[in-house]
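Source file: query.pdb. Holds: PDB, C-alpha atoms.
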```
ATOM      1  CA  MET A 948     217.405 116.670 109.053
ATOM      2  CA  ALA A 949     217.675 114.265 111.998
ATOM      3  CA  THR A 950     217.155 117.121 114.467
ATOM      4  CA  ARG A 951     214.025 118.273 112.674
ATOM      5  CA  LYS A 952     212.644 114.742 112.631
ATOM      6  CA  LYS A 953     213.301 114.373 116.340
ATOM      7  CA  ARG A 954     211.531 117.668 117.040
ATOM      8  CA  SER A 955     208.594 116.597 114.882
ATOM      9  CA  GLU A 956     208.333 113.301 116.747
ATOM     10  CA  ARG A 957     208.467 115.108 120.089
ATOM     11  CA  ARG A 958     205.628 117.399 119.038
ATOM     12  CA  ALA A 959     203.599 114.374 117.955
ATOM     13  CA  ASP A 960     204.223 112.800 121.370
ATOM     14  CA  LEU A 961     203.022 115.991 123.038
ATOM     15  CA  VAL A 962     199.847 115.985 120.953
ATOM     16  CA  GLU A 963     199.101 112.454 122.151
ATOM     17  CA  ALA A 964     199.908 113.427 125.751
ATOM     18  CA  ALA A 965     197.555 116.405 125.491
ATOM     19  CA  ARG A 966     194.779 114.167 124.201
ATOM     20  CA  ARG A 967     195.220 111.801 127.141
ATOM     21  CA  ALA A 968     195.191 114.715 129.572
ATOM     22  CA  MET A 969     191.995 116.115 128.052
ATOM     23  CA  ILE A 970     190.264 112.758 128.314
ATOM     24  CA  GLN A 971     191.272 112.459 131.960
ATOM     25  CA  HIS A 972     190.706 116.043 133.098
ATOM     26  CA  GLY A 973     188.291 117.470 130.515
ATOM     27  CA  PRO A 974     189.211 119.799 127.627
ATOM     28  CA  GLY A 975     188.369 122.923 129.574
ATOM     29  CA  GLY A 976     190.387 122.074 132.667
ATOM     30  CA  VAL A 977     193.725 120.791 131.396
ATOM     31  CA  LEU A 978     196.774 122.346 133.033
ATOM     32  CA  LEU A 979     200.306 122.539 131.719
ATOM     33  CA  ASN A 980     201.699 120.276 134.426
ATOM     34  CA  GLN A 981     199.086 117.611 133.588
ATOM     35  CA  VAL A 982     200.179 117.509 129.956
ATOM     36  CA  ALA A 983     203.817 117.422 131.069
ATOM     37  CA  GLU A 984     203.092 114.501 133.391
ATOM     38  CA  GLU A 985     201.387 112.552 130.602
ATOM     39  CA  ALA A 986     204.373 113.231 128.332
ATOM     40  CA  GLY A 987     206.983 112.393 130.975
ATOM     41  CA  LEU A 988     208.527 115.841 130.577
ATOM     42  CA  THR A 989     208.931 119.024 132.557
ATOM     43  CA  SER A 990     206.523 121.905 132.004
ATOM     44  CA  GLY A 991     209.411 123.876 130.557
ATOM     45  CA  ALA A 992     210.049 121.188 127.954
ATOM     46  CA  VAL A 993     206.404 121.317 126.884
ATOM     47  CA  LEU A 994     206.565 125.100 126.569
ATOM     48  CA  TYR A 995     209.723 124.825 124.472
ATOM     49  CA  HIS A 996     207.700 123.079 121.772
ATOM     50  CA  TYR A 997     204.379 124.826 122.434
ATOM     51  CA  PRO A 998     204.849 128.239 124.097
ATOM     52  CA  ASP A 999     201.046 128.594 124.268
ATOM     53  CA  LEU A1000     199.263 125.586 125.808
ATOM     54  CA  SER A1001     196.043 126.451 123.978
ATOM     55  CA  ASP A1002     197.816 125.906 120.646
ATOM     56  CA  LEU A1003     198.797 122.395 121.731
ATOM     57  CA  LEU A1004     195.275 121.589 122.914
ATOM     58  CA  LEU A1005     193.792 122.861 119.666
ATOM     59  CA  GLU A1006     196.212 120.766 117.599
ATOM     60  CA  ALA A1007     195.413 117.708 119.724
ATOM     61  CA  ASN A1008     191.695 118.163 119.138
ATOM     62  CA  GLN A1009     192.130 118.621 115.401
ATOM     63  CA  ALA A1010     194.321 115.520 115.164
ATOM     64  CA  GLY A1011     191.641 113.380 116.772
ATOM     65  CA  MET A1012     188.950 114.703 114.472
ATOM     66  CA  GLU A1013     190.870 113.863 111.297
ATOM     67  CA  ARG A1014     190.027 110.204 111.773
ATOM     68  CA  PHE A1015     186.348 110.923 111.267
ATOM     69  CA  TYR A1016     186.680 112.865 108.045
ATOM     70  CA  ALA A1017     190.053 112.868 106.289
ATOM     71  CA  GLU A1018     190.872 109.246 107.073
ATOM     72  CA  ARG A1019     187.404 108.105 106.020
ATOM     73  CA  MET A1020     187.704 110.007 102.761
ATOM     74  CA  ARG A1021     191.002 108.264 102.072
ATOM     75  CA  ARG A1022     189.474 104.909 102.929
ATOM     76  CA  ILE A1023     186.703 105.231 100.359
ATOM     77  CA  GLY A1024     188.801 107.099  97.803
ATOM     78  CA  GLY A1025     189.593 103.984  95.813
ATOM     79  CA  LEU A1026     186.081 102.536  95.917
ATOM     80  CA  THR A1027     183.631 102.917  93.031
ATOM     81  CA  ASP A1028     180.541 101.103  94.303
ATOM     82  CA  PRO A1029     178.220 103.531  96.175
ATOM     83  CA  ILE A1030     176.903 100.691  98.338
ATOM     84  CA  GLU A1031     180.374  99.712  99.474
ATOM     85  CA  LYS A1032     181.276 103.360 100.036
ATOM     86  CA  LEU A1033     178.242 103.905 102.256
ATOM     87  CA  VAL A1034     178.742 100.765 104.316
ATOM     88  CA  VAL A1035     182.473 101.383 104.807
ATOM     89  CA  THR A1036     181.775 104.975 105.830
ATOM     90  CA  ILE A1037     179.201 103.909 108.401
ATOM     91  CA  ARG A1038     181.499 101.228 109.817
ATOM     92  CA  SER A1039     184.401 103.645 110.182
ATOM     93  CA  GLY A1040     182.361 106.240 112.059
ATOM     94  CA  LEU A1041     181.901 104.232 115.248
ATOM     95  CA  PRO A1042     184.189 103.528 118.225
ATOM     96  CA  THR A1043     186.245 100.363 118.102
ATOM     97  CA  ASP A1044     185.219  99.715 121.713
ATOM     98  CA  ALA A1045     184.394 101.522 124.962
ATOM     99  CA  ASP A1046     188.006 102.645 125.393
ATOM    100  CA  ASP A1047     188.317 104.330 121.990
ATOM    101  CA  ALA A1048     190.353 107.441 122.849
ATOM    102  CA  ASP A1049     189.301 109.466 119.790
ATOM    103  CA  VAL A1050     185.599 109.065 120.524
ATOM    104  CA  ARG A1051     186.045 109.648 124.235
ATOM    105  CA  LEU A1052     187.786 112.929 123.449
ATOM    106  CA  LEU A1053     185.019 113.988 121.061
ATOM    107  CA  CYS A1054     182.477 113.299 123.802
ATOM    108  CA  GLU A1055     184.498 115.435 126.212
ATOM    109  CA  LEU A1056     184.651 118.211 123.628
ATOM    110  CA  GLY A1057     180.910 118.037 123.166
ATOM    111  CA  GLY A1058     180.452 118.677 126.852
ATOM    112  CA  SER A1059     182.702 121.737 126.683
ATOM    113  CA  ALA A1060     181.393 123.188 123.423
ATOM    114  CA  GLY A1061     178.678 125.212 125.110
ATOM    115  CA  ARG A1062     181.332 127.089 127.075
ATOM    116  CA  ASN A1063     184.109 127.235 124.482
ATOM    117  CA  ARG A1064     183.506 128.840 121.099
ATOM    118  CA  VAL A1065     186.623 127.296 119.556
ATOM    119  CA  TYR A1066     185.541 123.766 120.479
ATOM    120  CA  ALA A1067     182.012 124.520 119.297
ATOM    121  CA  ALA A1068     183.352 125.691 115.937
ATOM    122  CA  LEU A1069     185.566 122.603 115.584
ATOM    123  CA  LEU A1070     182.673 120.248 116.249
ATOM    124  CA  THR A1071     180.341 122.161 113.940
ATOM    125  CA  THR A1072     182.887 122.009 111.132
ATOM    126  CA  LEU A1073     183.432 118.293 111.672
ATOM    127  CA  PHE A1074     179.690 117.627 111.637
ATOM    128  CA  ASP A1075     179.163 119.611 108.431
ATOM    129  CA  ARG A1076     182.085 117.923 106.675
ATOM    130  CA  GLN A1077     180.797 114.479 107.606
ATOM    131  CA  VAL A1078     177.315 115.357 106.368
ATOM    132  CA  SER A1079     178.810 116.551 103.084
ATOM    133  CA  MET A1080     180.772 113.300 102.818
ATOM    134  CA  TYR A1081     177.575 111.283 103.169
ATOM    135  CA  GLN A1082     175.703 113.567 100.766
ATOM    136  CA  THR A1083     178.246 112.918  98.031
ATOM    137  CA  ILE A1084     177.931 109.149  98.436
ATOM    138  CA  LEU A1085     174.136 109.282  98.528
ATOM    139  CA  GLU A1086     173.852 111.528  95.480
ATOM    140  CA  GLN A1087     176.291 109.405  93.491
ATOM    141  CA  GLY A1088     174.267 106.304  94.337
ATOM    142  CA  ALA A1089     171.009 108.001  93.395
ATOM    143  CA  ALA A1090     172.452 109.236  90.091
ATOM    144  CA  ARG A1091     173.465 105.687  89.197
ATOM    145  CA  GLY A1092     170.060 104.293  90.113
ATOM    146  CA  VAL A1093     171.467 102.300  93.034
ATOM    147  CA  PHE A1094     169.714 104.345  95.717
ATOM    148  CA  ALA A1095     166.118 105.574  95.803
ATOM    149  CA  LEU A1096     166.413 108.260  98.465
ATOM    150  CA  ALA A1097     163.445 108.616 100.806
ATOM    151  CA  THR A1098     164.204 112.322 101.305
ATOM    152  CA  ASP A1099     166.926 114.831 100.415
ATOM    153  CA  SER A1100     170.565 113.837 100.848
ATOM    154  CA  GLN A1101     171.294 116.479 103.485
ATOM    155  CA  THR A1102     168.564 115.194 105.786
ATOM    156  CA  ILE A1103     169.753 111.609 105.423
ATOM    157  CA  GLY A1104     173.373 112.664 105.909
ATOM    158  CA  ARG A1105     172.573 114.617 109.046
ATOM    159  CA  ASN A1106     170.643 111.693 110.478
ATOM    160  CA  LEU A1107     173.502 109.294 109.751
ATOM    161  CA  VAL A1108     176.053 111.518 111.483
ATOM    162  CA  ALA A1109     173.694 112.087 114.417
ATOM    163  CA  LEU A1110     173.242 108.335 114.801
ATOM    164  CA  GLU A1111     177.014 107.835 114.748
ATOM    165  CA  ASP A1112     177.387 110.439 117.477
ATOM    166  CA  ALA A1113     174.584 109.055 119.630
ATOM    167  CA  TYR A1114     175.621 105.419 119.435
ATOM    168  CA  GLY A1115     179.291 106.342 119.763
ATOM    169  CA  TYR A1116     178.542 108.100 123.032
ATOM    170  CA  ARG A1117     176.557 105.128 124.335
ATOM    171  CA  ILE A1118     179.394 102.738 123.494
ATOM    172  CA  VAL A1119     182.092 104.742 125.308
ATOM    173  CA  ALA A1120     179.647 105.257 128.182
ATOM    174  CA  ARG A1121     179.722 101.454 128.463
ATOM    175  CA  HIS A1122     176.096 100.667 127.742
ATOM    176  CA  PRO A1123     175.797  97.039 128.867
ATOM    177  CA  THR A1124     173.881  95.752 125.829
ATOM    178  CA  LEU A1125     175.284  97.870 122.993
ATOM    179  CA  ASP A1126     178.573  97.388 121.163
ATOM    180  CA  ALA A1127     180.042  98.623 117.883
ATOM    181  CA  ALA A1128     178.661  95.727 115.827
ATOM    182  CA  GLN A1129     175.136  96.269 117.123
ATOM    183  CA  ALA A1130     175.375 100.027 116.618
ATOM    184  CA  GLU A1131     176.581  99.474 113.069
ATOM    185  CA  GLU A1132     173.585  97.300 112.282
ATOM    186  CA  LEU A1133     171.175  99.826 113.816
ATOM    187  CA  ILE A1134     172.599 102.624 111.650
ATOM    188  CA  LEU A1135     172.560 100.396 108.593
ATOM    189  CA  SER A1136     168.897  99.602 109.238
ATOM    190  CA  TYR A1137     168.118 103.324 108.973
ATOM    191  CA  ALA A1138     170.344 103.667 105.901
ATOM    192  CA  ARG A1139     168.510 100.818 104.173
ATOM    193  CA  GLN A1140     165.190 102.564 104.701
ATOM    194  CA  ALA A1141     166.599 105.934 103.641
ATOM    195  CA  THR A1142     168.206 104.602 100.440
ATOM    196  CA  GLY A1143     165.729 101.878  99.467
ATOM    197  CA  CYS A1144     168.706  99.553  99.151
ATOM    198  CA  PRO A1145     169.610  96.380 101.082
ATOM    199  CA  LEU A1146     173.266  97.559 101.390
ATOM    200  CA  GLU A1147     174.713  94.080 101.186
ATOM    201  CA  VAL A1148     178.493  93.896 100.911
ATOM    202  CA  ALA A1149     181.162  91.512 102.152
ATOM    203  CA  ALA A1150     182.191  92.061 105.758
TER     204      ALA A1150
END
```

Starting from the file, lay out its structure as structure tokens.
Amino acid sequence: MATRKKRSERRADLVEAARRAMIQHGPGGVLLNQVAEEAGLTSGAVLYHYPDLSDLLLEANQAGMERFYAERMRRIGGLTDPIEKLVVTIRSGLPTDADDADVRLLCELGGSAGRNRVYAALLTTLFDRQVSMYQTILEQGAARGVFALATDSQTIGRNLVALEDAYGYRIVARHPTLDAAQAEELILSYARQATGCPLEVAA
């Protein structure tokens, strides 16, 4: 059991090392020795755990994306108020700051998606899942009479995800007058118009 746990931890370390290497060198240009250097291991040690480097890179990308869907779903899973669900979901979709590694990696993937069908498919799936997540919240709020949607839930959901992506990119690109708090308020201002609701909850 201890050996399996140690192997699992080593693989997790390699996933994190691969993410750092992709941020530094770009998802499409990462070499085995670069991942090994980030992990503090030999190339042979990396290949022992991941005989195919592309499998490691794919797992690293998927791990980063889970924060923006699975973790958000867990975060709102115990909430019942549609307003609170919507606000929490918006807040959790933005970078913590300009050095947010998960968002930086997503931005790098976006730049490679036009040349890599696997990355394009991953990003498309993530986008669609996030839109669906928002649609569920919006439709629940509308059914309870809390929201008066200005248009269909898919359109609003797509706009919310697109705003997250756009402002997230600007934050990690170190826009001098835009931070996560300001981006959150800008997205909320659209959400208020789209839902006909002031979206007031405790910070």

Original post:
For the file shown, what are the residues hit by the PyMOL selection byres ((chain A and resi 966) around 9), laid out as a ChimeraX atom specification?
Top reply: /A:961-965,967-971,974,982,1004,1007-1008,1011,1048-1049,1052

When the PyMOL selection byres ((chain A and resi 1075) around 12) is applied to the file above, which residues end up in the set, as a tab-separated table (two decimals) with C-alpha atoms, in the frame of the given file?
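Contents of part_38.tsv, as written:
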```tsv
chain	number	residue	atom	x	y	z
A	1015	PHE	CA	186.35	110.92	111.27
A	1016	TYR	CA	186.68	112.86	108.04
A	1068	ALA	CA	183.35	125.69	115.94
A	1069	LEU	CA	185.57	122.60	115.58
A	1070	LEU	CA	182.67	120.25	116.25
A	1071	THR	CA	180.34	122.16	113.94
A	1072	THR	CA	182.89	122.01	111.13
A	1073	LEU	CA	183.43	118.29	111.67
A	1074	PHE	CA	179.69	117.63	111.64
A	1076	ARG	CA	182.08	117.92	106.68
A	1077	GLN	CA	180.80	114.48	107.61
A	1078	VAL	CA	177.32	115.36	106.37
A	1079	SER	CA	178.81	116.55	103.08
A	1080	MET	CA	180.77	113.30	102.82
A	1081	TYR	CA	177.58	111.28	103.17
A	1082	GLN	CA	175.70	113.57	100.77
A	1101	GLN	CA	171.29	116.48	103.48
A	1102	THR	CA	168.56	115.19	105.79
A	1104	GLY	CA	173.37	112.66	105.91
A	1105	ARG	CA	172.57	114.62	109.05
A	1106	ASN	CA	170.64	111.69	110.48
A	1107	LEU	CA	173.50	109.29	109.75
A	1108	VAL	CA	176.05	111.52	111.48
A	1109	ALA	CA	173.69	112.09	114.42
```

**OP:** Around the point (165.1, 105.5, 106.3) in the file's coordinates, collect all residues with an atom within 9 Å, using only C-alpha atoms, and return them as a list in words.
**Re:**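 The distance filter leaves exactly Leu1096, Ala1097, Thr1098, Ile1103, Ser1136, Tyr1137, Ala1138, Arg1139, Gln1140, Ala1141, Thr1142 and Gly1143 of chain A.
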
Subject >> Point-to-point distance from atom CA of A:Ser1059 to atom CA of A:Pro998, Å rounded to tenths >> reply: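 Atom-to-atom, atom CA of A:Ser1059 and atom CA of A:Pro998 are spaced 23.2 Å apart.
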
Would you kindly return, as a PDB file with C-alpha atoms, in the frame of the given file, each protein, DNA or RNA residue with an atom no farther than 10 Å from any atom of A:Glu1147, considering only C-alpha atoms and excluding same-chain residues fewer than 3 positions away?
```pdb
ATOM      1  CA  ILE A1030     176.903 100.691  98.338  1.00  0.00           C
ATOM      2  CA  GLU A1031     180.374  99.712  99.474  1.00  0.00           C
ATOM      3  CA  VAL A1034     178.742 100.765 104.316  1.00  0.00           C
ATOM      4  CA  LEU A1135     172.560 100.396 108.593  1.00  0.00           C
ATOM      5  CA  ARG A1139     168.510 100.818 104.173  1.00  0.00           C
ATOM      6  CA  CYS A1144     168.706  99.553  99.151  1.00  0.00           C
ATOM      7  CA  ALA A1150     182.191  92.061 105.758  1.00  0.00           C
TER       8      ALA A1150
END
```

Subject >> Top pick for closest residue to A:Asp1126, considering A:Asp1028, A:Glu1086, A:Asp1046, A:Glu985 and counting all atoms listed in the file >> reply: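 Once distances to A:Asp1126 are computed over all atoms listed in the file, the minimum belongs to A:Asp1046.
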
Subject >> Interatomic distance (Å, one decimal) between atom CA of A:Met1012 and atom CA of A:Ala1113 >> reply: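 Computed distance, atom CA of A:Met1012 to atom CA of A:Ala1113, equals 16.3 Å.
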
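Atom pair atom CA of A:Val1065 / atom CA of A:Ala1127: separated by 29.5 Å.
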
Distance table requested - stretch 975-1070 of chain A against stretch 1119-1122 of chain A, cut-off 12 Å, only C-alpha atoms: one row per qualifying residue with the closest atom pair and its distance in Å to one decimal, ordered by chain and rising residue number, as a tab-separated table.
```
residue	atom	partner	partner_atom	distance
A:Leu1041	CA	A:Val1119	CA	10.1
A:Pro1042	CA	A:Val1119	CA	7.5
A:Thr1043	CA	A:Val1119	CA	9.4
A:Asp1044	CA	A:Val1119	CA	6.9
A:Ala1045	CA	A:Val1119	CA	4.0
A:Asp1046	CA	A:Val1119	CA	6.3
A:Asp1047	CA	A:Val1119	CA	7.1
A:Ala1048	CA	A:Val1119	CA	9.0
A:Asp1049	CA	A:Val1119	CA	10.2
A:Val1050	CA	A:Val1119	CA	7.3
A:Arg1051	CA	A:Val1119	CA	6.4
A:Leu1052	CA	A:Val1119	CA	10.1
A:Leu1053	CA	A:Val1119	CA	10.6
A:Cys1054	CA	A:Val1119	CA	8.7
A:Glu1055	CA	A:Val1119	CA	11.0
```

Might you pull out every residue within 12 Å of A:Ala959, with only C-alpha atoms counted and same-chain residues fewer than 6 positions away left off, and present them as a compact mmCIF listing (two decimals) with C-alpha atoms, in the coordinates of the input?
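As a result, around37.txt now contains:
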```txt
# COMPACT_ATOMS: atom_id res chain seq x y z
CA LYS A 952 212.64 114.74 112.63
CA LYS A 953 213.30 114.37 116.34
CA ALA A 965 197.56 116.40 125.49
CA ARG A 966 194.78 114.17 124.20
CA ALA A 986 204.37 113.23 128.33
CA VAL A 993 206.40 121.32 126.88
CA HIS A 996 207.70 123.08 121.77
CA TYR A 997 204.38 124.83 122.43
CA LEU A 1003 198.80 122.40 121.73
CA GLU A 1006 196.21 120.77 117.60
CA ALA A 1007 195.41 117.71 119.72
CA ALA A 1010 194.32 115.52 115.16
```

**OP:** Can you turn the PyMOL selection byres ((chain A and resi 1029) around 10) into a concrete residue list for this file, as a ChimeraX atom specification?
**Re:** /A:1023,1026-1028,1030-1035,1083-1089,1091,1093-1094,1146

Around all the atoms of stretch 1013-1016 of chain A listed in the file, draw an axis-aligned box and extend it by 3 Å on each of the six sides; I want its centre and edge lengths in Å to one decimal, as JSON.
```
{"center_x": 188.6, "center_y": 112.0, "center_z": 109.9, "size_x": 10.5, "size_y": 9.7, "size_z": 9.7}
```
